[in-house]
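Working notes, beginning with the structure itself.
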Amino acid sequence: MSIFDLSIAAAAKALKAKEFSAVELTTAYNEAVAALNPRLNAYITVTPELALEQARAADSRIADGSATPLTGIPLAMKDLFCTESVRTTAGSSILEPFIPPYESTVSAKLKAAGAVMLGKANLDEFAMGSSNTTSHYGAVENPWKRLGSDAKLVPGGSSGGSAAAVAARIALAATGTDTGGSIRQPASFTGLAGIKPTYGRCSRWGVVAFASSLDQPGPMARNVEDNALLLNAMAGFDQKDSTSANREVPDFCLALGRGVKGLKIGIPREYRLEGTNPEILALWDKGIEWLKAQGADIVNISLPHTKYGLPVYYIVAPAEASSNLARYDGVRFGKRVDGEDLIDLYERTRAEGFGPEVKRRIMIGTYVLSHGYYDAYYLKAQKVRNLILRDFTDAFGSVDAILTPTAPSAAFGLDEKMDDPVTMYLNDVFTVPASLAGVPAMSVPAGLSAEGLPLGLQVIGRHFDEETVFAVSAAIESAAGFSALPELRAK
Amino acid sequence: MASYTLEGHTGTWEVVVGLEVHAQIISKSKLFSGASAAYGGAPNTHVSFIDAGFPGMLPVINKECVAQAVRTGLGLRARINLFSRFDRKNYFYADLPQGYQISQFAHPIVGTGEVEIELQDGTIKYIGITRLHLEQDAGKSMHDQHPSKSVIDLNRAGVGLMEIVSEPDIRSPEEAGAYLRKLRQILRYLGTCDGNMEEGSMRADVNVSVRKPGEAFRTRCEIKNVNSIRFVMHAVEAEAMRQIEVWESGGEVVQETRLYDPSKGETRSMRSKEDAHDYRYFPEPDLLPLILEQDWVDDLKAMLPELPDEKRARFCQEYGISYYDAGVLVAEQATADFYETLAKGRDGKLAANWVTGDFFAAMNRTGKSIENPPVSVEALGQLLDLITDTTINGRIAKTVFEEMVETGKMPTAIVDENGMRQVTDTGAIDEAVTKVLANNPDKVAEYKSGKDKLFGFFVGQVMKAMQGKGNPALVNEAVRKQLG
Amino acid sequence: MSLDAATVRRIAKLARIRVNDEEVSTLQNELNAILGYVEQLSDVNVEGVEPLSGGAQMALRQREDNLTDGGMADKILANAPDRIGNFFAVPKVVE
């Protein structure tokens, strides 16, 4: 077994047993990054020296007994987390020169736990996208291939770089952020597990904002347990984020072995969308059988406003984004394009600094908030959002968790679906409702499509009940026995 | 009350004014960041990454700013909203780092209230308060530091502001001035804003329209950021005249933002704000609703200082002074405190006369302030005691007071050193009277033939002979007796 | 509701994004497609439903009034595209 196939838990054990050092592990990963990243483009910025420095520090912690389960573990950091003295671009041209003088809370927590940062992972520009094709720094290639085809596939998005890096073993795990599915959909596309925690569980401080009421950092890793280990370190109350929840963080690892016996699992009929790939529906049925076999009660439920999730999301998220992105004006940081006067400077800077998808969303967001349209679009969407939350609250009155597919399809080709923004948005159809309700949701790899591509199932839980999500996800993981590997990977 | 009107060639016009006052909150740190809210400072030193709108930065509200807004609301006899919320007001401007201002649009922290104002002729009027809300101040752009560039200092960006919006109840420049003075007085009493208009910690946006008496409101213009009470009064008049001219020449006043130019005494259109009218307000997603506990509000209310109106009424009642004098004394809290210390256990009227008379005159003359007074309250108190216990008379007291101002000596010392004690020895007084009457036989004759007015002359002469030290009542009595 | 080119220009102006004619027409089509898609919300009856404005359902936490930040003009200005001394600099603004 190669060093690259070790999970976090296994690597931590090996580090502790001195089977190899953190410097050796990091060196191996640095070399793998150097070899594969030019093709995959999973990282925008690589930080091999910083990684080695952190690995050396990790080795001394391991030696002096102050190591945590993440000490010496090489991670990819989504380039949406501000990292002190390391360029942070958000995948945008407008932040190309930006060196944050501060460290985001989540990345600081991982640093404090002794994790090693290999580099800043590629993403859709400002996390707006479902295919990682909107990055100013180029598209990311999914390390998975369709059987008998060499066509380049997307890794999903927006945390596409994180997903590709972990899947290709050029990172042991990664951070992501999820606004409407940006952790779960790429996890599904690359055969990983990834969790969007409850809104408020992980601090948003220092994370470049896309849509403030939806954004939530979370981990992405090769199995469910690694996610639990990462979330243990990433989660927690932060005084600097007014939306951060002042709650105890349980040890999520303890939930992994709970099993699902006696749990009520809801199956929402509205997710059985017309036209959904039959493979996906078949996998969903399999998931239901697995849980039933392990003693769970399967309950058919209704989340009646599911179909309105996407339209609500495509009003709310752009509206918040249009305001959040107003600070990129070329005055205090980032790129500036000079103009005849200040307004001209703003307009040129933002025209050149933002890509087409970001501009589209800023425009939509500006429009739905503008005078005369606010009530019809934004206010209406917020009301429907409340109905969507109510759907979940009602459902969780009778079930402990909800099982759905993660995405309506497997990874698609880099050249497909590019023309029409609305079709692209449909990728998020299963992930968006949980984002709007703020509840935790995890994607677990559950099988392969006929073309040999990974497919995920999504487990949704009650607010702040990530533990049940982990328990159900672990049960699916063990039943699925997913062991397929992508074609492109470090060996 | 004489109502204020302006005459145009088509007849009489009435002025309608509403004021939006931006009052900088007194607090140590900013509304949403831990950077200093102090005035001044080297450029960009009172700035956090939050204030500068850096990526990923999030606001966290300052509890003291919330308390200050509630105190102010209570002082304006206004409704306190236990539920309020923040909204983003979106627009681009060089000194607005986030590209939006965090404000309260739909759900302000304070609702309707009122302010009592008093006009020159003594008329009392109530100006309605529409609302008070919390918001962030912007930074400062300076345009005169470089030939082709403007420079930006963000020290002020994010400092907590209370925007206090009045109803369009104001009908004259005088009322506008009286309202602002009263509002400033209340804020200072409460300690929620220092009201310093020169430093920009209190600024007014002035909404002005004109109409024929009895008409509905016509279109208004907003004059932005006027920074003195005098300029507000001038701006109201100048803008009203301009609008009358527009209407009377067959034109139409357009709703717009204008600037007042004090050097020209006129307002002009502010083009740069014109296309920024669509602010796209929406609930600030980085903050949650602000929920206050009624108990907490009640505690703040219980701890509120006595406000000028209440103090004035109490002074009248407790010290028996006139409503006018009480108004003068409560104008500044420090003056009121000075007066009250002085008046405690003494003759309130006498104390009021001295404070508003000789004391204020000395303060003006010496350029001192109530915080650093020309004579201490203890010294002035001693002087009043000397008058009351008839050690000295009122005239001598004035001389003693001047010497106190000049030398800083205590009045008893001055009186003793200069032998200024009042003469109450009736023998000595009688002797002086006898002498004066003897020296003025002709005047005595005139008096006896009916020229009563001469009585004062004799008293004056006696006092002069006694170097002013005679007890006035005893001198009067002795003169009357001897003149028979 | 369908966006015309003039509205697209007005929105771009509000958003401070310079657009050329070609972009206006592309954006017009795309934005109309998106608006057409979200139009389905008009089917939902929201009578008596409160808008859900935030991601978290709790009251706002308030911090104590302490000086904890600032005093780092160097860091604040370190990323500035243009500066004069310790000020940010922009083309002259005429009010």
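Each chain in the structure tokens gets a letter, A, B and so on, in the order shown; residues start at 1 in every chain, and ligands are counted from 1 in the order they appear.
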
For segment 125-134 of chain B, list every protein, DNA or RNA residue within 6 Å, evaluated using only C-alpha atoms, and leave out those in the same chain fewer than 3 positions away; present the list as a compact mmCIF listing (two decimals) with N, CA and C atoms, in the first residue's frame.
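Saved the output as part.txt:
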# COMPACT_ATOMS: atom_id res chain seq x y z
N SER B 103 -26.76 49.88 8.14
CA SER B 103 -27.68 50.85 8.70
C SER B 103 -28.92 50.09 9.17
N GLN B 104 -29.92 50.82 9.61
CA GLN B 104 -31.19 50.18 9.95
C GLN B 104 -32.27 50.87 9.15
N PRO B 108 -35.85 50.24 12.70
CA PRO B 108 -34.91 51.01 13.52
C PRO B 108 -35.03 50.66 15.00
N ILE B 109 -33.99 50.95 15.76
CA ILE B 109 -33.98 50.61 17.18
C ILE B 109 -34.90 51.52 18.00
N VAL B 110 -35.13 52.73 17.49
CA VAL B 110 -35.97 53.68 18.22
C VAL B 110 -37.05 54.22 17.29
N GLY B 111 -38.28 54.27 17.78
CA GLY B 111 -39.39 54.77 16.99
C GLY B 111 -39.74 56.21 17.33
N THR B 112 -41.02 56.54 17.27
CA THR B 112 -41.43 57.94 17.37
C THR B 112 -41.24 58.53 18.77
N GLY B 113 -40.86 59.81 18.79
CA GLY B 113 -40.66 60.54 20.03
C GLY B 113 -40.90 62.02 19.79
N GLU B 114 -40.44 62.86 20.71
CA GLU B 114 -40.63 64.30 20.49
C GLU B 114 -39.58 65.10 21.25
N VAL B 115 -39.38 66.31 20.75
CA VAL B 115 -38.44 67.24 21.38
C VAL B 115 -39.18 68.56 21.61
N GLU B 116 -39.09 69.07 22.84
CA GLU B 116 -39.73 70.35 23.15
C GLU B 116 -38.75 71.47 22.87
N ILE B 117 -39.16 72.45 22.08
CA ILE B 117 -38.27 73.58 21.83
C ILE B 117 -38.93 74.87 22.32
N LEU B 161 -22.91 55.79 14.51
CA LEU B 161 -23.71 57.00 14.37
C LEU B 161 -25.14 56.71 14.79
N MET B 162 -25.80 57.73 15.33
CA MET B 162 -27.24 57.66 15.48
C MET B 162 -27.81 58.62 14.46
N GLU B 163 -28.65 58.13 13.58
CA GLU B 163 -29.33 59.07 12.70
C GLU B 163 -30.69 59.36 13.32
N ILE B 164 -30.90 60.63 13.65
CA ILE B 164 -32.13 61.03 14.31
C ILE B 164 -32.94 61.84 13.31
N VAL B 165 -34.09 61.30 12.95
CA VAL B 165 -34.89 61.90 11.89
C VAL B 165 -36.10 62.60 12.51
N SER B 166 -36.27 63.88 12.16
CA SER B 166 -37.43 64.60 12.69
C SER B 166 -38.58 64.55 11.70
N GLU B 167 -39.76 64.79 12.20
CA GLU B 167 -40.91 64.98 11.32
C GLU B 167 -40.74 66.34 10.63
N ASP B 169 -41.84 69.09 10.91
CA ASP B 169 -42.63 69.95 11.80
C ASP B 169 -42.02 71.34 11.94

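Looking only at segment 216-358 of chain B, the set that DSSP places in strand (DSSP E or B) from backbone geometry is B:Cys221, B:Glu222, B:Ile223, B:Lys224, B:Asn225, B:Val226, B:Thr257, B:Arg258, B:Leu259, B:Tyr260, B:Asp261, B:Glu266, B:Thr267, B:Arg268, B:Ser269, B:Phe282, B:Pro283, B:Leu290, B:Ile291.
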
Determine, using only C-alpha atoms, which residues of chain C have any atom at most 12 Å from an atom of chain B, and tabulate each with its shortest atom pair and distance in Å to one decimal place, rows ordered by chain and then rising number, as a Markdown table.
| residue | atom | partner | partner_atom | distance |
| --- | --- | --- | --- | --- |
| C:Arg10 | CA | B:Asp275 | CA | 9.7 |
| C:Ile11 | CA | B:Asp278 | CA | 10.0 |
| C:Lys13 | CA | B:Asp275 | CA | 8.7 |
| C:Leu14 | CA | B:Ala276 | CA | 7.5 |
| C:Ala15 | CA | B:Phe92 | CA | 8.5 |
| C:Arg16 | CA | B:Phe92 | CA | 7.9 |
| C:Ile17 | CA | B:Phe92 | CA | 11.5 |
| C:Pro51 | CA | B:Pro283 | CA | 10.3 |
| C:Leu52 | CA | B:Pro283 | CA | 9.8 |
| C:Ser53 | CA | B:Pro283 | CA | 6.4 |
| C:Gly54 | CA | B:Pro285 | CA | 5.4 |
| C:Gly55 | CA | B:Pro285 | CA | 7.6 |
| C:Ala56 | CA | B:Leu288 | CA | 7.5 |
| C:Gln57 | CA | B:Leu288 | CA | 7.8 |
| C:Met58 | CA | B:Leu288 | CA | 6.9 |
| C:Ala59 | CA | B:Pro289 | CA | 5.7 |
| C:Leu60 | CA | B:Leu288 | CA | 4.8 |
| C:Arg61 | CA | B:Ile61 | CA | 7.4 |
| C:Gln62 | CA | B:Lys63 | CA | 5.1 |
| C:Arg63 | CA | B:Asn62 | CA | 5.1 |
| C:Glu64 | CA | B:Lys63 | CA | 5.7 |
| C:Asp65 | CA | B:Asn62 | CA | 5.7 |
| C:Asn66 | CA | B:Ser29 | CA | 6.0 |
| C:Leu67 | CA | B:Gly34 | CA | 5.0 |
| C:Thr68 | CA | B:Gly34 | CA | 4.7 |
| C:Asp69 | CA | B:Ala35 | CA | 4.4 |
| C:Gly70 | CA | B:Val47 | CA | 4.6 |
| C:Gly71 | CA | B:Thr45 | CA | 4.5 |
| C:Met72 | CA | B:Thr45 | CA | 5.8 |
| C:Ala73 | CA | B:Thr45 | CA | 5.0 |
| C:Asp74 | CA | B:Asn44 | CA | 8.7 |
| C:Lys75 | CA | B:Phe49 | CA | 8.8 |
| C:Ile76 | CA | B:Phe49 | CA | 6.8 |
| C:Leu77 | CA | B:Asn44 | CA | 8.2 |
| C:Ala78 | CA | B:Phe49 | CA | 11.6 |
| C:Asn79 | CA | B:Phe54 | CA | 10.2 |
| C:Ala80 | CA | B:Ala52 | CA | 11.0 |
| C:Asp82 | CA | B:Val151 | CA | 9.7 |
| C:Arg83 | CA | B:Val151 | CA | 7.7 |
| C:Ile84 | CA | B:Val151 | CA | 7.1 |
| C:Gly85 | CA | B:Pro43 | CA | 8.8 |
| C:Asn86 | CA | B:Pro43 | CA | 5.9 |
| C:Phe87 | CA | B:Ile152 | CA | 5.3 |
| C:Phe88 | CA | B:Ile152 | CA | 5.0 |
| C:Ala89 | CA | B:Val151 | CA | 4.5 |
| C:Val90 | CA | B:Ser150 | CA | 5.4 |
| C:Pro91 | CA | B:Lys149 | CA | 4.5 |
| C:Lys92 | CA | B:Lys149 | CA | 4.0 |
| C:Val93 | CA | B:Ser150 | CA | 6.0 |
| C:Val94 | CA | B:Ser272 | CA | 7.3 |
| C:Glu95 | CA | B:Ser272 | CA | 5.6 |

Selected residues written out with C-alpha atoms, as a PDB file, in the first residue's frame:
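The resulting file, again.pdb, is reproduced below:
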ATOM      1  CA  ARG C  10     -28.655  50.801 -15.760  1.00  0.00           C
ATOM      2  CA  ILE C  11     -27.963  47.722 -13.621  1.00  0.00           C
ATOM      3  CA  LYS C  13     -23.997  51.192 -13.931  1.00  0.00           C
ATOM      4  CA  LEU C  14     -25.372  50.533 -10.448  1.00  0.00           C
ATOM      5  CA  ALA C  15     -23.013  47.568 -10.098  1.00  0.00           C
ATOM      6  CA  ARG C  16     -20.124  49.662 -11.436  1.00  0.00           C
ATOM      7  CA  ILE C  17     -19.263  47.199 -14.179  1.00  0.00           C
ATOM      8  CA  PRO C  51     -39.286  36.310   5.155  1.00  0.00           C
ATOM      9  CA  LEU C  52     -36.301  34.298   6.365  1.00  0.00           C
ATOM     10  CA  SER C  53     -33.473  36.757   6.231  1.00  0.00           C
ATOM     11  CA  GLY C  54     -30.551  34.958   7.781  1.00  0.00           C
ATOM     12  CA  GLY C  55     -28.920  31.596   7.907  1.00  0.00           C
ATOM     13  CA  ALA C  56     -29.045  31.322  11.702  1.00  0.00           C
ATOM     14  CA  GLN C  57     -32.113  31.590  13.910  1.00  0.00           C
ATOM     15  CA  MET C  58     -30.895  33.328  17.048  1.00  0.00           C
ATOM     16  CA  ALA C  59     -30.522  36.785  18.559  1.00  0.00           C
ATOM     17  CA  LEU C  60     -27.530  39.002  17.874  1.00  0.00           C
ATOM     18  CA  ARG C  61     -24.610  38.632  20.249  1.00  0.00           C
ATOM     19  CA  GLN C  62     -23.130  41.920  21.439  1.00  0.00           C
ATOM     20  CA  ARG C  63     -19.494  42.563  22.275  1.00  0.00           C
ATOM     21  CA  GLU C  64     -18.118  44.692  25.076  1.00  0.00           C
ATOM     22  CA  ASP C  65     -16.863  48.159  24.167  1.00  0.00           C
ATOM     23  CA  ASN C  66     -13.136  47.505  24.317  1.00  0.00           C
ATOM     24  CA  LEU C  67     -10.257  48.676  22.151  1.00  0.00           C
ATOM     25  CA  THR C  68      -8.951  45.502  20.569  1.00  0.00           C
ATOM     26  CA  ASP C  69      -8.026  46.461  17.028  1.00  0.00           C
ATOM     27  CA  GLY C  70      -6.366  49.062  14.821  1.00  0.00           C
ATOM     28  CA  GLY C  71      -2.962  50.713  15.109  1.00  0.00           C
ATOM     29  CA  MET C  72      -1.621  48.941  12.021  1.00  0.00           C
ATOM     30  CA  ALA C  73      -1.717  51.419   9.167  1.00  0.00           C
ATOM     31  CA  ASP C  74       1.152  49.495   7.525  1.00  0.00           C
ATOM     32  CA  LYS C  75      -0.943  46.333   7.235  1.00  0.00           C
ATOM     33  CA  ILE C  76      -4.066  48.231   6.211  1.00  0.00           C
ATOM     34  CA  LEU C  77      -2.134  49.883   3.374  1.00  0.00           C
ATOM     35  CA  ALA C  78       0.115  46.965   2.437  1.00  0.00           C
ATOM     36  CA  ASN C  79      -2.146  45.840  -0.433  1.00  0.00           C
ATOM     37  CA  ALA C  80      -3.103  49.314  -1.670  1.00  0.00           C
ATOM     38  CA  ASP C  82      -1.975  53.417  -4.881  1.00  0.00           C
ATOM     39  CA  ARG C  83      -1.190  55.444  -1.788  1.00  0.00           C
ATOM     40  CA  ILE C  84       0.147  58.799  -0.719  1.00  0.00           C
ATOM     41  CA  GLY C  85       1.879  58.507   2.607  1.00  0.00           C
ATOM     42  CA  ASN C  86      -0.479  56.602   4.855  1.00  0.00           C
ATOM     43  CA  PHE C  87      -3.548  57.515   2.819  1.00  0.00           C
ATOM     44  CA  PHE C  88      -5.197  55.481   0.093  1.00  0.00           C
ATOM     45  CA  ALA C  89      -5.130  57.413  -3.168  1.00  0.00           C
ATOM     46  CA  VAL C  90      -7.708  57.553  -5.967  1.00  0.00           C
ATOM     47  CA  PRO C  91      -8.247  59.859  -8.940  1.00  0.00           C
ATOM     48  CA  LYS C  92      -9.530  63.213  -7.757  1.00  0.00           C
ATOM     49  CA  VAL C  93     -13.182  63.164  -6.765  1.00  0.00           C
ATOM     50  CA  VAL C  94     -15.248  66.242  -7.565  1.00  0.00           C
ATOM     51  CA  GLU C  95     -18.292  66.677  -5.357  1.00  0.00           C
TER      52      GLU C  95
END

For this session: Might you pull out every residue within 8 Å of Gln185 of chain A, with only C-alpha atoms counted and same-chain residues fewer than 5 positions away left off, and present them as JSON, numbers by chain?
Result: {"A": [130, 156, 157, 406, 407, 427, 428, 431, 443]}

Print the selection's residues with N, CA and C atoms to a file, as a PDB file, in the first residue's frame.
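result24.pdb was written with the following content:
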ATOM      1  N   SER A 130     -20.422  25.263 -10.559  1.00  0.00           N
ATOM      2  CA  SER A 130     -20.615  23.869 -10.163  1.00  0.00           C
ATOM      3  C   SER A 130     -19.699  22.961 -10.979  1.00  0.00           C
ATOM      4  N   GLY A 156     -16.537  19.084 -10.625  1.00  0.00           N
ATOM      5  CA  GLY A 156     -17.610  19.738  -9.875  1.00  0.00           C
ATOM      6  C   GLY A 156     -17.082  21.027  -9.275  1.00  0.00           C
ATOM      7  N   GLY A 157     -17.998  21.727  -8.619  1.00  0.00           N
ATOM      8  CA  GLY A 157     -17.567  22.998  -8.046  1.00  0.00           C
ATOM      9  C   GLY A 157     -18.519  23.453  -6.972  1.00  0.00           C
ATOM     10  N   THR A 406     -26.897  13.031  -4.203  1.00  0.00           N
ATOM     11  CA  THR A 406     -26.193  14.298  -4.048  1.00  0.00           C
ATOM     12  C   THR A 406     -26.366  15.173  -5.273  1.00  0.00           C
ATOM     13  N   ALA A 407     -26.225  14.569  -6.448  1.00  0.00           N
ATOM     14  CA  ALA A 407     -26.272  15.350  -7.690  1.00  0.00           C
ATOM     15  C   ALA A 407     -27.083  14.582  -8.725  1.00  0.00           C
ATOM     16  N   ASN A 427     -27.425  21.518 -11.562  1.00  0.00           N
ATOM     17  CA  ASN A 427     -26.532  20.627 -10.823  1.00  0.00           C
ATOM     18  C   ASN A 427     -26.765  20.656  -9.324  1.00  0.00           C
ATOM     19  N   ASP A 428     -27.226  21.802  -8.847  1.00  0.00           N
ATOM     20  CA  ASP A 428     -27.347  22.013  -7.404  1.00  0.00           C
ATOM     21  C   ASP A 428     -28.728  21.654  -6.880  1.00  0.00           C
ATOM     22  N   THR A 431     -28.794  19.717  -3.628  1.00  0.00           N
ATOM     23  CA  THR A 431     -27.972  20.212  -2.510  1.00  0.00           C
ATOM     24  C   THR A 431     -28.466  21.548  -1.966  1.00  0.00           C
ATOM     25  N   SER A 443     -22.143  14.323   1.630  1.00  0.00           N
ATOM     26  CA  SER A 443     -22.158  13.430   0.471  1.00  0.00           C
ATOM     27  C   SER A 443     -21.181  12.285   0.743  1.00  0.00           C
TER      28      SER A 443
END

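Across the model, the gap from atom CA of Leu436 of chain A to atom CA of Tyr199 of chain A is 9.5 Å.
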
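Closest approach to chain A among B:Asn353, B:Gln98, B:Asn476, B:Thr399 is made by B:Gln98 (distances from only C-alpha atoms).
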
For this session: For chain A, report every residue with an atom at most 10 Å from chain B (counting only C-alpha atoms), formatted as a ChimeraX atom specification.
Result: /A:80-82,88,90,95,98,100-104,204-214,239-244,319-320,322-329,331-333,341-343,346,365-374,378-379

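In this structure, atom CA of Gly160 of chain A sits 12.2 Å away from atom CA of Gly191 of chain A.
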